[in-house]
Amino acid sequence: MIDLRLLREDPDRVRASQRARGEDVALVDALLSADERRRSSGVRFDELRAEQRALGKLIPKASGDEKAELLKKAGQLAADVKAADAAKDEAAAETQELLLRLGNLVHPDVPVGGEEDFVTLETHGTIRDFAAEGFEPKDHLELGTTLGAIDVERGAKVSGSRFYFLTGVGALLELALVNAAMAQATAAGFTPMLTPSLVRPQAMAGTGFLGQAAQDVYRLDNDDLYLVGTSEVALAAYHMDEIIDGDRLPLRYAGFSPCYRREAGSHGKDTRGIFRVHQFDKVEMFSYVDPADTQAEHQRLLEWEKQWLTSLGLPFRVIDVATADLGSSAARKFDCEAWIPTQGKYRELTSTSDCTEFQARRLSIRMRDGKQVKPLATLNGTLCAVPRTIVAILENHQQADGSVRVPEVLRPYLGGREILEPVAK
């Protein structure tokens, strides 16, 4: 959540951020009104309680009619205090509810607009000219089937649409990707983490996934638990309700977990293969930093993502995501999109978001800076979303005979294998 003091001091900035996101600007004024009621009702409650305490000291000293009058007044005061307390709690609850609906303040450098209004910052690698090489590229599903690596038919039989099996070299390729990604993260100073896939509502709400993203979240009603769509949720909540000494920062974690997404708004999109699925595995980077270092850390996370995609030999571009396409927690987001030959376009493989103090305030995570205690900042960045990475590797490194070259960085984790060969029919 944002700082309420900032809202009071510069409401126009918050309105501009909401407008840029395409969100409800009226929410800002509703929140200002609720916050004013919260503060005024709190003052009223404190005044009545002080009067009640003062009266309580007079009653034992009084007698006769005076005491009776004071007792009568005390009864009325008790009712007034109770009503003021209820009004204070009601205003506080309304303020909190509205505050949780407000997105993070958008960084001033973020391009304004919708999904297609991003700005391309960099382009890396060379897109292969398959026509010049003399063959038509196959898509990842055809390649994966021929390699004995992907089985979507049985995935659908067992679990429904958008589920799949990784089999044979497909399973080995996932393990190689996860191990190589973890090796890079560990070398960069990240602490490897295996995180829970089920979290409490506080963790999901605290990271901002019960707002605009709620339709994509799986919930276990009987247990009041949520299946995470990313280990970011568990990693952010790892230090929930804690105060961290500033000299320990930055704290960097690399989490591996299964991820679950309903993909409720993607009807008819990417239905072929394993690009957009309900369950997948992912290695996620997560940082806790001093708010003063948040933009520099964002660039570091982006550099680690670029290092990873470059090591896989994938052509990709980096985009600055536009305001209306940001998640509610992100002040700014960079995506790395790999070239997918059979689609003839770049598609998102990794994403890194600067969440500033937004998640930390919601999760009550603070840092001790000398004698001061204040919210810290959190950032996240995908290192390897496995199925999409497999899609990009198969399509970009395929050969005319249906085999696929293994990126050098993965070979040590595949027993030195350089080529994935089609399996015999």
# chains A, B, ... in the order shown; residues from 1 in each chain; ligands from 1

call {"tool": "residues_around", "arguments": {"residues": "Val112 (chain A)", "least_positions_apart": "2", "cutoff": "8 Å", "atoms": "only C-alpha atoms", "output": "list of chain:residue names"}}
result
A:Ala20, A:Arg21, A:Val110, A:Gly114, A:Asp117, A:Ala322, A:Thr323, A:Ala324

call {"tool": "residues_around", "arguments": {"residues": "region 40-46 of chain A", "least_positions_apart": "3", "cutoff": "7 Å", "atoms": "only C-alpha atoms", "output": "PyMOL selection string"}}
result
chain A and resi 36-37+49-50+81+84-85+87-88

call {"tool": "select_by_dssp", "arguments": {"residues": "region 57-302 of chain A", "states": "alpha helix (DSSP H)", "output": "ChimeraX atom specification"}}
result
/A:57-58,64-101,130-133,140-146,152-159,169-187,201-206,232-237,294-302

call {"tool": "residues_around", "arguments": {"residues": "Arg272 (chain A)", "least_positions_apart": "2", "cutoff": "10 Å", "atoms": "only C-alpha atoms", "output": "PyMOL selection string"}}
result
chain A and resi 139-141+152+161-162+268-270+274-277

call {"tool": "closest_residue", "arguments": {"among": "A:Gln18, A:Thr378, A:Thr389, A:Ser403", "to": "Leu173 (chain A)", "atoms": "only C-alpha atoms"}}
result
A:Thr389

call {"tool": "residues_around", "arguments": {"residues": "Gln295 (chain A)", "least_positions_apart": "4", "cutoff": "12 Å", "atoms": "only C-alpha atoms", "output": "list in words"}}
result
His107, Asp109, Ser287, Val289, Asp290, Pro291, Gln299, Arg300, Leu301, Leu302, Ala331, Arg332, Lys333, Phe334, Thr352, Ser353, Asp354, Cys355, Thr356, Ala377, Thr378 and Leu379 of chain A

call {"tool": "closest_residue", "arguments": {"among": "A:Ala392, A:Ala92, A:Met193, A:Leu249", "to": "Ala34 (chain A)", "atoms": "only C-alpha atoms"}}
result
A:Ala92

call {"tool": "residues_around", "arguments": {"residues": "Ala74 (chain A)", "least_positions_apart": "2", "cutoff": "8 Å", "atoms": "only C-alpha atoms", "output": "ChimeraX atom specification"}}
result
/A:52,55-56,70-72,76-78
